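S.K.: As input, take start_32.pdb (PDB, C-alpha atoms):
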ATOM      1  CA  MET A   1     109.268 122.692  87.883
ATOM      2  CA  THR A   2     108.518 119.317  89.382
ATOM      3  CA  GLY A   3     111.247 118.310  91.803
ATOM      4  CA  CYS A   4     112.518 114.777  92.385
ATOM      5  CA  SER A   5     114.227 113.697  95.581
ATOM      6  CA  SER A   6     115.725 110.431  96.764
ATOM      7  CA  SER A   7     115.402 111.362 100.412
ATOM      8  CA  GLY A   8     112.072 113.218 100.441
ATOM      9  CA  GLY A   9     110.474 114.923 103.394
ATOM     10  CA  THR A  10     107.752 114.456 105.927
ATOM     11  CA  ALA A  11     104.303 115.687 104.997
ATOM     12  CA  THR A  12     103.427 118.860 106.873
ATOM     13  CA  GLU A  13     101.537 118.151 110.055
ATOM     14  CA  GLY A  14      98.514 120.413 110.547
ATOM     15  CA  SER A  15      96.089 120.600 113.411
ATOM     16  CA  GLY A  16      92.618 119.838 112.076
ATOM     17  CA  VAL A  17      93.636 120.465 108.470
ATOM     18  CA  SER A  18      93.321 117.622 105.980
ATOM     19  CA  THR A  19      96.034 116.612 103.509
ATOM     20  CA  LEU A  20      93.805 117.814 100.659
ATOM     21  CA  GLU A  21      93.241 121.198 102.254
ATOM     22  CA  LYS A  22      96.973 121.626 102.851
ATOM     23  CA  ALA A  23      97.804 120.646  99.290
ATOM     24  CA  LYS A  24      95.315 123.132  97.855
ATOM     25  CA  LYS A  25      96.584 125.894 100.103
ATOM     26  CA  GLN A  26     100.229 125.169  99.265
ATOM     27  CA  GLY A  27      99.584 124.558  95.580
ATOM     28  CA  PHE A  28     101.641 121.368  95.565
ATOM     29  CA  VAL A  29     101.632 117.797  96.839
ATOM     30  CA  THR A  30     104.407 115.268  97.435
ATOM     31  CA  VAL A  31     104.186 111.935  95.583
ATOM     32  CA  GLY A  32     106.137 108.700  95.920
ATOM     33  CA  PHE A  33     107.380 106.845  92.837
ATOM     34  CA  ALA A  34     109.659 103.882  92.118
ATOM     35  CA  ASN A  35     111.469 104.851  88.897
ATOM     36  CA  GLU A  36     109.747 102.183  86.818
ATOM     37  CA  LYS A  37     108.994 102.976  83.192
ATOM     38  CA  PRO A  38     106.398 103.569  81.851
ATOM     39  CA  TYR A  39     104.531 104.144  85.126
ATOM     40  CA  ALA A  40     106.701 106.708  86.908
ATOM     41  CA  TYR A  41     110.300 107.785  86.450
ATOM     42  CA  ALA A  42     112.706 110.710  86.618
ATOM     43  CA  THR A  43     113.798 112.103  83.247
ATOM     44  CA  PRO A  44     117.483 112.997  82.679
ATOM     45  CA  ASP A  45     116.758 116.650  83.470
ATOM     46  CA  GLY A  46     115.182 115.731  86.814
ATOM     47  CA  LYS A  47     111.511 116.030  85.899
ATOM     48  CA  LEU A  48     108.939 113.490  86.978
ATOM     49  CA  SER A  49     106.987 111.700  84.242
ATOM     50  CA  GLY A  50     105.304 108.406  83.377
ATOM     51  CA  GLU A  51     101.784 107.112  82.875
ATOM     52  CA  ALA A  52     100.768 107.257  86.541
ATOM     53  CA  VAL A  53     102.477 110.612  87.044
ATOM     54  CA  GLU A  54     100.844 112.303  84.063
ATOM     55  CA  VAL A  55      97.391 111.004  84.990
ATOM     56  CA  ALA A  56      97.878 112.263  88.551
ATOM     57  CA  ARG A  57      99.297 115.574  87.307
ATOM     58  CA  GLU A  58      96.174 116.321  85.253
ATOM     59  CA  VAL A  59      93.769 115.122  87.935
ATOM     60  CA  LEU A  60      95.496 117.225  90.594
ATOM     61  CA  LYS A  61      95.679 120.259  88.318
ATOM     62  CA  ASN A  62      91.915 120.030  87.795
ATOM     63  CA  MET A  63      91.577 119.889  91.591
ATOM     64  CA  GLY A  64      93.536 123.124  91.934
ATOM     65  CA  ILE A  65      96.875 121.543  92.886
ATOM     66  CA  GLY A  66      99.322 122.682  90.229
ATOM     67  CA  GLU A  67     102.574 121.042  91.257
ATOM     68  CA  MET A  68     103.943 117.651  92.324
ATOM     69  CA  ASN A  69     107.200 117.025  94.182
ATOM     70  CA  GLY A  70     108.515 113.486  93.666
ATOM     71  CA  VAL A  71     110.187 111.250  96.242
ATOM     72  CA  LEU A  72     112.148 108.369  94.679
ATOM     73  CA  THR A  73     111.563 105.160  96.655
ATOM     74  CA  GLU A  74     112.135 101.436  96.080
ATOM     75  CA  PHE A  75     108.858  99.825  95.071
ATOM     76  CA  GLY A  76     108.665  97.678  98.201
ATOM     77  CA  SER A  77     109.022 100.789 100.382
ATOM     78  CA  LEU A  78     106.237 102.839  98.771
ATOM     79  CA  ILE A  79     103.411 101.784 101.098
ATOM     80  CA  PRO A  80     105.516 102.110 104.287
ATOM     81  CA  GLY A  81     106.720 105.502 103.023
ATOM     82  CA  LEU A  82     103.174 106.709 102.389
ATOM     83  CA  ASN A  83     102.001 105.688 105.845
ATOM     84  CA  ALA A  84     105.111 107.225 107.415
ATOM     85  CA  LYS A  85     104.111 110.505 105.682
ATOM     86  CA  ARG A  86     107.251 110.776 103.567
ATOM     87  CA  PHE A  87     104.814 111.671 100.776
ATOM     88  CA  ASP A  88     101.049 112.031 100.368
ATOM     89  CA  ILE A  89     100.184 109.933  97.300
ATOM     90  CA  ILE A  90     101.745 106.910  95.590
ATOM     91  CA  THR A  91     101.906 107.531  91.821
ATOM     92  CA  ALA A  92     103.641 104.366  90.659
ATOM     93  CA  GLY A  93     101.005 102.471  88.699
ATOM     94  CA  MET A  94     100.616 100.157  91.695
ATOM     95  CA  TYR A  95      98.236  97.220  91.284
ATOM     96  CA  ILE A  96      95.132  97.213  93.461
ATOM     97  CA  THR A  97      95.087  94.076  95.626
ATOM     98  CA  PRO A  98      93.123  93.112  98.769
ATOM     99  CA  GLU A  99      96.374  92.735 100.723
ATOM    100  CA  ARG A 100      97.640  96.203  99.819
ATOM    101  CA  ALA A 101      94.182  97.648 100.454
ATOM    102  CA  LYS A 102      94.571  96.668 104.108
ATOM    103  CA  GLU A 103      97.285  99.316 104.372
ATOM    104  CA  VAL A 104      96.302 102.033 101.869
ATOM    105  CA  ALA A 105      93.208 103.431 100.154
ATOM    106  CA  PHE A 106      93.298 103.032  96.377
ATOM    107  CA  ALA A 107      91.792 105.408  93.862
ATOM    108  CA  ASN A 108      89.777 103.823  91.063
ATOM    109  CA  PRO A 109      91.975 102.191  88.399
ATOM    110  CA  GLU A 110      93.517 104.226  85.604
ATOM    111  CA  TYR A 111      94.677 101.255  83.502
ATOM    112  CA  SER A 112      94.371  97.482  83.155
ATOM    113  CA  ILE A 113      97.162  95.239  81.970
ATOM    114  CA  GLY A 114      98.681  91.748  81.739
ATOM    115  CA  GLU A 115     102.107  90.281  82.443
ATOM    116  CA  ALA A 116     105.122  89.813  80.154
ATOM    117  CA  LEU A 117     108.388  87.859  80.076
ATOM    118  CA  ALA A 118     111.854  88.602  78.671
ATOM    119  CA  VAL A 119     114.652  86.079  78.076
ATOM    120  CA  ARG A 120     118.044  85.856  76.407
ATOM    121  CA  LYS A 121     117.759  86.060  72.615
ATOM    122  CA  GLY A 122     116.666  82.761  71.147
ATOM    123  CA  ASN A 123     114.859  81.823  74.385
ATOM    124  CA  PRO A 124     117.372  79.042  75.222
ATOM    125  CA  LYS A 125     115.152  77.478  77.920
ATOM    126  CA  ASP A 126     111.986  77.738  75.797
ATOM    127  CA  LEU A 127     110.014  79.657  78.442
ATOM    128  CA  HIS A 128     106.502  80.766  77.478
ATOM    129  CA  SER A 129     104.672  80.861  80.806
ATOM    130  CA  TYR A 130     105.138  80.995  84.563
ATOM    131  CA  ARG A 131     104.380  77.264  84.590
ATOM    132  CA  ASP A 132     107.351  76.704  82.277
ATOM    133  CA  ILE A 133     109.563  78.554  84.751
ATOM    134  CA  ALA A 134     108.306  76.332  87.569
ATOM    135  CA  GLU A 135     108.602  73.055  85.676
ATOM    136  CA  LYS A 136     112.037  73.789  84.184
ATOM    137  CA  LYS A 137     113.437  75.101  87.492
ATOM    138  CA  ALA A 138     114.441  78.328  85.761
ATOM    139  CA  LYS A 139     115.601  81.387  87.684
ATOM    140  CA  VAL A 140     113.468  84.501  87.307
ATOM    141  CA  GLY A 141     114.228  88.104  88.227
ATOM    142  CA  VAL A 142     111.435  90.191  89.747
ATOM    143  CA  MET A 143     111.318  93.508  91.588
ATOM    144  CA  GLY A 144     110.906  93.422  95.354
ATOM    145  CA  GLY A 145     107.313  94.049  96.431
ATOM    146  CA  ALA A 146     105.915  93.466  92.937
ATOM    147  CA  ILE A 147     102.665  91.539  92.398
ATOM    148  CA  GLU A 148     104.525  89.148  90.063
ATOM    149  CA  ILE A 149     106.072  87.470  93.110
ATOM    150  CA  ASP A 150     102.626  86.245  94.193
ATOM    151  CA  TYR A 151     101.731  85.177  90.663
ATOM    152  CA  LEU A 152     104.964  83.205  90.278
ATOM    153  CA  LYS A 153     104.582  81.430  93.610
ATOM    154  CA  LYS A 154     100.961  80.503  92.883
ATOM    155  CA  SER A 155     102.143  79.132  89.531
ATOM    156  CA  GLY A 156     104.480  76.739  91.332
ATOM    157  CA  VAL A 157     107.725  78.735  91.181
ATOM    158  CA  GLY A 158     109.836  78.056  94.279
ATOM    159  CA  ASP A 159     111.467  80.667  96.503
ATOM    160  CA  ASP A 160     114.874  79.352  95.443
ATOM    161  CA  GLN A 161     114.017  80.243  91.821
ATOM    162  CA  LEU A 162     113.201  83.879  92.608
ATOM    163  CA  VAL A 163     115.929  86.502  92.329
ATOM    164  CA  ILE A 164     114.674  89.756  93.843
ATOM    165  CA  VAL A 165     115.987  92.939  92.209
ATOM    166  CA  THR A 166     115.551  96.576  93.207
ATOM    167  CA  ASP A 167     114.671  98.126  89.850
ATOM    168  CA  GLN A 168     114.442  97.619  86.081
ATOM    169  CA  PRO A 169     118.153  98.168  85.284
ATOM    170  CA  SER A 170     119.025  95.548  87.917
ATOM    171  CA  ALA A 171     116.618  93.104  86.266
ATOM    172  CA  VAL A 172     118.202  93.632  82.844
ATOM    173  CA  ALA A 173     121.696  93.269  84.321
ATOM    174  CA  ALA A 174     120.726  90.010  86.035
ATOM    175  CA  LEU A 175     119.442  88.575  82.745
ATOM    176  CA  GLN A 176     122.432  89.752  80.733
ATOM    177  CA  SER A 177     124.859  88.222  83.238
ATOM    178  CA  ASP A 178     122.954  84.892  83.293
ATOM    179  CA  ARG A 179     122.083  85.268  86.979
ATOM    180  CA  VAL A 180     118.504  84.598  85.863
ATOM    181  CA  ASP A 181     116.905  82.876  82.882
ATOM    182  CA  ALA A 182     114.052  85.356  82.580
ATOM    183  CA  ILE A 183     112.671  88.592  83.984
ATOM    184  CA  THR A 184     109.019  89.465  84.353
ATOM    185  CA  MET A 185     106.959  92.607  84.768
ATOM    186  CA  THR A 186     103.872  94.119  83.178
ATOM    187  CA  GLY A 187     103.693  94.410  79.395
ATOM    188  CA  PRO A 188     104.232  98.171  78.931
ATOM    189  CA  SER A 189     106.912  98.215  81.622
ATOM    190  CA  LEU A 190     108.857  95.399  79.981
ATOM    191  CA  GLN A 191     108.474  96.971  76.556
ATOM    192  CA  ALA A 192     109.860 100.245  77.882
ATOM    193  CA  VAL A 193     112.861  98.349  79.294
ATOM    194  CA  LEU A 194     113.545  96.673  75.967
ATOM    195  CA  ASP A 195     113.151  99.922  74.056
ATOM    196  CA  SER A 196     115.726 101.553  76.331
ATOM    197  CA  ALA A 197     118.145  98.608  76.402
ATOM    198  CA  LYS A 198     118.950  98.369  72.686
ATOM    199  CA  ASP A 199     121.336  95.613  71.553
ATOM    200  CA  SER A 200     121.045  94.157  75.040
ATOM    201  CA  GLY A 201     120.958  90.521  73.947
ATOM    202  CA  ILE A 202     117.497  90.016  75.428
ATOM    203  CA  GLU A 203     114.056  89.765  73.874
ATOM    204  CA  ARG A 204     110.398  89.675  74.828
ATOM    205  CA  VAL A 205     108.536  86.367  74.700
ATOM    206  CA  MET A 206     105.766  87.290  72.298
ATOM    207  CA  GLU A 207     103.843  84.029  72.699
ATOM    208  CA  PHE A 208     103.526  84.427  76.464
ATOM    209  CA  GLU A 209     100.681  82.647  78.222
ATOM    210  CA  GLN A 210      99.052  84.807  80.883
ATOM    211  CA  PRO A 211      99.078  83.123  84.307
ATOM    212  CA  VAL A 212      95.858  81.649  85.649
ATOM    213  CA  ILE A 213      95.640  82.193  89.405
ATOM    214  CA  ASP A 214      92.907  80.617  91.527
ATOM    215  CA  GLY A 215      91.048  79.736  88.354
ATOM    216  CA  LYS A 216      91.157  83.238  86.888
ATOM    217  CA  SER A 217      93.272  84.732  84.114
ATOM    218  CA  ILE A 218      95.358  87.477  85.655
ATOM    219  CA  ARG A 219      94.741  91.049  84.645
ATOM    220  CA  GLY A 220      96.069  93.768  86.903
ATOM    221  CA  TYR A 221      94.520  97.172  87.548
ATOM    222  CA  GLY A 222      96.770 100.063  88.564
ATOM    223  CA  ALA A 223      95.911 103.168  90.540
ATOM    224  CA  ALA A 224      97.136 105.945  92.775
ATOM    225  CA  ALA A 225      97.125 105.191  96.506
ATOM    226  CA  PHE A 226      96.346 107.372  99.510
ATOM    227  CA  ARG A 227      96.517 107.057 103.285
ATOM    228  CA  LYS A 228      93.302 105.611 104.683
ATOM    229  CA  GLU A 229      92.545 108.760 106.664
ATOM    230  CA  ASP A 230      92.627 110.906 103.500
ATOM    231  CA  GLN A 231      89.162 109.926 102.270
ATOM    232  CA  ASP A 232      88.248 113.460 101.155
ATOM    233  CA  PHE A 233      91.379 113.550  98.994
ATOM    234  CA  LEU A 234      90.569 110.125  97.537
ATOM    235  CA  GLU A 235      86.966 111.041  96.695
ATOM    236  CA  ALA A 236      87.961 114.309  95.031
ATOM    237  CA  TYR A 237      90.634 112.488  93.026
ATOM    238  CA  ASN A 238      88.178 109.819  91.874
ATOM    239  CA  ASN A 239      85.677 112.463  90.758
ATOM    240  CA  GLU A 240      88.228 114.155  88.500
ATOM    241  CA  LEU A 241      89.585 110.836  87.222
ATOM    242  CA  GLN A 242      86.075 109.817  86.173
ATOM    243  CA  LYS A 243      85.787 113.008  84.113
ATOM    244  CA  LEU A 244      89.000 112.080  82.265
ATOM    245  CA  LYS A 245      87.590 108.625  81.506
ATOM    246  CA  GLU A 246      84.269 109.926  80.229
ATOM    247  CA  SER A 247      85.835 112.612  78.018
ATOM    248  CA  GLY A 248      88.391 110.291  76.421
ATOM    249  CA  ARG A 249      91.221 112.358  77.838
ATOM    250  CA  LEU A 250      92.514 109.416  79.914
ATOM    251  CA  LEU A 251      93.414 107.439  76.784
ATOM    252  CA  GLU A 252      95.158 110.498  75.332
ATOM    253  CA  ILE A 253      97.360 110.669  78.441
ATOM    254  CA  LEU A 254      98.106 106.933  78.393
ATOM    255  CA  GLU A 255      98.926 106.530  74.694
ATOM    256  CA  PRO A 256     102.431 108.121  74.696
ATOM    257  CA  PHE A 257     103.490 105.490  77.259
ATOM    258  CA  GLY A 258     102.577 102.479  75.129
ATOM    259  CA  PHE A 259      98.993 101.981  76.316
ATOM    260  CA  THR A 260      96.023 101.436  74.015
ATOM    261  CA  GLU A 261      92.252 101.067  74.349
ATOM    262  CA  GLN A 262      92.982  97.491  75.427
ATOM    263  CA  GLU A 263      94.588  98.841  78.586
ATOM    264  CA  LEU A 264      91.703 101.092  79.654
ATOM    265  CA  PRO A 265      90.126 100.046  82.997
ATOM    266  CA  GLY A 266      86.505 100.158  81.852
ATOM    267  CA  ASP A 267      83.977 100.484  84.662
ATOM    268  CA  MET A 268      86.036  98.545  87.203
ATOM    269  CA  THR A 269      86.339 100.226  90.604
ATOM    270  CA  ALA A 270      88.819  99.858  93.441
ATOM    271  CA  GLU A 271      86.008  98.593  95.662
ATOM    272  CA  GLN A 272      85.213  95.739  93.270
ATOM    273  CA  LEU A 273      88.867  94.769  92.963
ATOM    274  CA  VAL A 274      89.424  94.742  96.706
ATOM    275  CA  LYS A 275      86.397  92.478  97.176
ATOM    276  CA  GLU A 276      87.685  90.112  94.470
TER     277      GLU A 276
END
Step by step, read the file and then write its structure as structure tokens.

M.R.:
Amino acid sequence: MTGCSSSGGTATEGSGVSTLEKAKKQGFVTVGFANEKPYAYATPDGKLSGEAVEVAREVLKNMGIGEMNGVLTEFGSLIPGLNAKRFDIITAGMYITPERAKEVAFANPEYSIGEALAVRKGNPKDLHSYRDIAEKKAKVGVMGGAIEIDYLKKSGVGDDQLVIVTDQPSAVAALQSDRVDAITMTGPSLQAVLDSAKDSGIERVMEFEQPVIDGKSIRGYGAAAFRKEDQDFLEAYNNELQKLKESGRLLEILEPFGFTEQELPGDMTAEQLVKE
């Protein structure tokens, strides 16, 4: 059984033994997640699931590591937690960015995706883009540490318009209580929120215009993340992930979580994304 913990534990220290070697010997590894559907979340019976989790589970199984223990962490604390050795891998569908890559080593991407927006039913402020939020001085809810904060700011949204929330339920609650005029997250994540929050009085903006940042249309690529010193672990993980891509198995894992062929990462690598 995969265990989930809100407090977690420190990765076992070993003299001259790598994290990968320890994980193989123990038969399990500890992963950090942020309880964000559809990427990673705890089910009602305490099991760990989600797109990023199930991809990692199959990759690790093929590496000879049959079990994952989950440590529940706020999204903004995932990278500090990894480097503090509270867990050994981040399996949260985290976007690869040059800034984050200064602190962690990313595996190659397992999915590619755009942004999405939800508003009160009827879209009373007529919001269809991040630019609309900026120009209409609307309030927007976004999870702490999320890439959307950068996108919003670069689209002209002021700090006083941002309402930082800790998780998806907090975002929905902020929108329902009119603390914000909109909430934003990636497409599958937002869809999962709406599917769970039936009769919530909120709706997805279907005619949403993807933000253009520094002259480029934004498309995020998500991946597992490792400590920089765990290069052998990272390389072994990438090798098995590539096999899933080539066999078509990756899409089979992604599909139950609302992903399609449109969300496959193609031939993009973490190295390319970090350079960009």

S.K.: Could you pull the residues within 10 Å of Ala23 of chain A, counting only C-alpha atoms, minus those fewer than 4 positions along the same chain, as a list in words?

M.R.: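 Final neighbour list, sorted by chain and number: Ala11, Thr12, Ser18, Thr19, Gly27, Phe28, Val29, Thr30, Leu60, Met63, Gly64, Ile65, Gly66, Glu67, Met68, Asp88 and Phe233 of chain A.
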
S.K.: Select all residues near (89.6, 100.7, 98.2) (cut-off 6 Å, inclusive, file coordinates), counting only C-alpha atoms, and output them as number ranges by chain.

M.R.: A: 101, 105-106, 270-271

S.K.: Running the PyMOL selection byres ((chain A and resi 120) around 10) on this model by hand, what would come out? Give it as JSON, numbers by chain.

M.R.: {"A": [118, 119, 121, 122, 123, 124, 125, 175, 176, 177, 178, 180, 181, 182, 183, 200, 201, 202, 203, 204, 205]}

S.K.: If the PyMOL selection byres ((chain A and resi 142) around 8) is run on the structure shown, which residues does it catch, given as a ChimeraX atom specification?

M.R.: /A:140-141,143-144,146,148-149,162-165,171,183-185

S.K.: Take the residues just selected and output them with C-alpha atoms as a compact mmCIF listing (two decimals), in the frame of the given file.

M.R.:
# COMPACT_ATOMS: atom_id res chain seq x y z
CA VAL A 140 113.47 84.50 87.31
CA GLY A 141 114.23 88.10 88.23
CA MET A 143 111.32 93.51 91.59
CA GLY A 144 110.91 93.42 95.35
CA ALA A 146 105.92 93.47 92.94
CA GLU A 148 104.52 89.15 90.06
CA ILE A 149 106.07 87.47 93.11
CA LEU A 162 113.20 83.88 92.61
CA VAL A 163 115.93 86.50 92.33
CA ILE A 164 114.67 89.76 93.84
CA VAL A 165 115.99 92.94 92.21
CA ALA A 171 116.62 93.10 86.27
CA ILE A 183 112.67 88.59 83.98
CA THR A 184 109.02 89.46 84.35
CA MET A 185 106.96 92.61 84.77

S.K.: Name the residues that the PyMOL selection byres ((chain A and resi 52) around 10) picks from the file above, as a list in words, using the file's chain letters and numbers.

M.R.: Phe33, Lys37, Pro38, Tyr39, Ala40, Tyr41, Ser49, Gly50, Glu51, Val53, Glu54, Val55, Ala56, Arg57, Ile90, Thr91, Ala92, Gly93, Met94, Glu110, Tyr111, Gly222, Ala223, Ala224, Ile253, Leu254 and Phe257 of chain A

S.K.: Just to confirm, what's the straight-line distance from atom CA of Asp150 of chain A to atom CA of Thr166 of chain A in Å (one decimal)?

M.R.: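 Separation of atom CA of Asp150 of chain A and atom CA of Thr166 of chain A: 16.6 Å.
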
S.K.: Which of these, A:Gly145, A:Tyr130, A:Leu194, A:Gly70, has the shortest distance to Pro169 of chain A once you count all atoms listed in the file?

M.R.: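 Counting all atoms listed in the file, the residue closest to Pro169 of chain A is A:Leu194.
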
S.K.: Could you jot down the atom CA of Ile89 of chain A to atom CA of Ala116 of chain A separation for me, Å, one decimal place?

M.R.: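 Going from atom CA of Ile89 of chain A over to atom CA of Ala116 of chain A covers 26.9 Å.
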
S.K.: Find the residues near Leu82 of chain A: any atom within 10 Å, counting only C-alpha atoms, skip ones fewer than 3 places away on the same chain, and give them as a list in words.

M.R.: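 That gives Thr10, Ala11, Thr30, Val31, Gly32, Ser77, Leu78, Ile79, Lys85, Arg86, Phe87, Asp88, Ile89, Ile90, Glu103, Val104, Ala225, Phe226 and Arg227 of chain A.
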
S.K.: Using only C-alpha atoms, which of A:Gly158, A:Gly81, A:Gly114, A:Gly76 sits nearest Glu209 of chain A?

M.R.: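 Closest to Glu209 of chain A of all the choices is A:Gly114.
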
S.K.: Could you please determine the separation between atom CA of Lys154 of chain A and atom CA of Ile96 of chain A in Å, to one decimal place?

M.R.: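 Result for atom CA of Lys154 of chain A versus atom CA of Ile96 of chain A: 17.7 Å, one decimal.
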
S.K.: Which is closest to Gly215 of chain A among A:Gly16, A:His128, A:Arg179, A:Ser155, if we use all atoms listed in the file?

M.R.: A:Ser155

S.K.: Quick one: 8 Å padding each side, axis-aligned, all listed atoms of segment 183-187 of chain A - centre and edge lengths in Å to one decimal, as JSON?

M.R.:
{"center_x": 108.2, "center_y": 91.5, "center_z": 82.1, "size_x": 25.0, "size_y": 21.8, "size_z": 21.4}

S.K.: Could you add whatever atoms are missing so that segment 178-204 of chain A carries N, CA and C atoms, then write the result as an mmCIF file, in the frame of the given file?

M.R.:
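File rebuild-v2.cif, as written:
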data_model
loop_
_atom_site.group_PDB
_atom_site.id
_atom_site.type_symbol
_atom_site.label_atom_id
_atom_site.label_comp_id
_atom_site.auth_asym_id
_atom_site.auth_seq_id
_atom_site.Cartn_x
_atom_site.Cartn_y
_atom_site.Cartn_z
ATOM 1 N N ASP A 178 123.381 86.283 83.093
ATOM 2 C CA ASP A 178 122.954 84.892 83.293
ATOM 3 C C ASP A 178 122.716 84.537 84.759
ATOM 4 N N ARG A 179 122.484 85.553 85.599
ATOM 5 C CA ARG A 179 122.083 85.268 86.979
ATOM 6 C C ARG A 179 120.656 84.724 87.011
ATOM 7 N N VAL A 180 119.868 85.103 85.988
ATOM 8 C CA VAL A 180 118.504 84.598 85.863
ATOM 9 C C VAL A 180 118.285 84.168 84.421
ATOM 10 N N ASP A 181 117.256 83.345 84.226
ATOM 11 C CA ASP A 181 116.905 82.876 82.882
ATOM 12 C C ASP A 181 115.819 83.727 82.248
ATOM 13 N N ALA A 182 115.143 84.517 83.075
ATOM 14 C CA ALA A 182 114.052 85.356 82.580
ATOM 15 C C ALA A 182 113.808 86.480 83.571
ATOM 16 N N ILE A 183 113.166 87.536 83.099
ATOM 17 C CA ILE A 183 112.671 88.592 83.984
ATOM 18 C C ILE A 183 111.217 88.837 83.625
ATOM 19 N N THR A 184 110.438 89.261 84.610
ATOM 20 C CA THR A 184 109.019 89.465 84.353
ATOM 21 C C THR A 184 108.536 90.760 84.985
ATOM 22 N N MET A 185 107.646 91.406 84.292
ATOM 23 C CA MET A 185 106.959 92.607 84.768
ATOM 24 C C MET A 185 105.763 92.817 83.837
ATOM 25 N N THR A 186 105.027 93.879 84.034
ATOM 26 C CA THR A 186 103.872 94.119 83.178
ATOM 27 C C THR A 186 104.301 94.428 81.748
ATOM 28 N N GLY A 187 103.377 94.245 80.808
ATOM 29 C CA GLY A 187 103.693 94.410 79.395
ATOM 30 C C GLY A 187 104.305 95.745 79.020
ATOM 31 N N PRO A 188 103.646 96.885 79.298
ATOM 32 C CA PRO A 188 104.232 98.171 78.931
ATOM 33 C C PRO A 188 105.555 98.441 79.624
ATOM 34 N N SER A 189 105.667 98.009 80.885
ATOM 35 C CA SER A 189 106.912 98.215 81.622
ATOM 36 C C SER A 189 108.057 97.459 80.971
ATOM 37 N N LEU A 190 107.819 96.199 80.623
ATOM 38 C CA LEU A 190 108.857 95.399 79.981
ATOM 39 C C LEU A 190 109.210 95.966 78.613
ATOM 40 N N GLN A 191 108.205 96.411 77.876
ATOM 41 C CA GLN A 191 108.474 96.971 76.556
ATOM 42 C C GLN A 191 109.329 98.224 76.654
ATOM 43 N N ALA A 192 109.063 99.034 77.672
ATOM 44 C CA ALA A 192 109.860 100.245 77.882
ATOM 45 C C ALA A 192 111.305 99.884 78.202
ATOM 46 N N VAL A 193 111.509 98.815 78.972
ATOM 47 C CA VAL A 193 112.861 98.349 79.294
ATOM 48 C C VAL A 193 113.589 97.936 78.023
ATOM 49 N N LEU A 194 112.915 97.162 77.195
ATOM 50 C CA LEU A 194 113.545 96.673 75.967
ATOM 51 C C LEU A 194 113.834 97.806 74.995
ATOM 52 N N ASP A 195 112.935 98.778 74.943
ATOM 53 C CA ASP A 195 113.151 99.922 74.056
ATOM 54 C C ASP A 195 114.366 100.737 74.489
ATOM 55 N N SER A 196 114.591 100.789 75.801
ATOM 56 C CA SER A 196 115.726 101.553 76.331
ATOM 57 C C SER A 196 117.034 100.778 76.237
ATOM 58 N N ALA A 197 116.942 99.449 76.391
ATOM 59 C CA ALA A 197 118.145 98.608 76.402
ATOM 60 C C ALA A 197 118.376 98.002 75.021
ATOM 61 N N LYS A 198 118.730 98.841 74.052
ATOM 62 C CA LYS A 198 118.950 98.369 72.686
ATOM 63 C C LYS A 198 120.223 97.524 72.606
ATOM 64 N N ASP A 199 120.190 96.514 71.720
ATOM 65 C CA ASP A 199 121.336 95.613 71.553
ATOM 66 C C ASP A 199 121.764 94.998 72.874
ATOM 67 N N SER A 200 120.772 94.677 73.696
ATOM 68 C CA SER A 200 121.045 94.157 75.040
ATOM 69 C C SER A 200 121.209 92.646 75.068
ATOM 70 N N GLY A 201 120.876 91.978 73.955
ATOM 71 C CA GLY A 201 120.958 90.521 73.947
ATOM 72 C C GLY A 201 119.762 89.843 74.565
ATOM 73 N N ILE A 202 118.706 90.607 74.850
ATOM 74 C CA ILE A 202 117.497 90.016 75.428
ATOM 75 C C ILE A 202 116.304 90.346 74.546
ATOM 76 N N GLU A 203 115.245 89.562 74.694
ATOM 77 C CA GLU A 203 114.056 89.765 73.874
ATOM 78 C C GLU A 203 112.803 89.416 74.651
ATOM 79 N N ARG A 204 111.681 89.968 74.213
ATOM 80 C CA ARG A 204 110.398 89.675 74.828
ATOM 81 C C ARG A 204 109.836 88.386 74.274
#
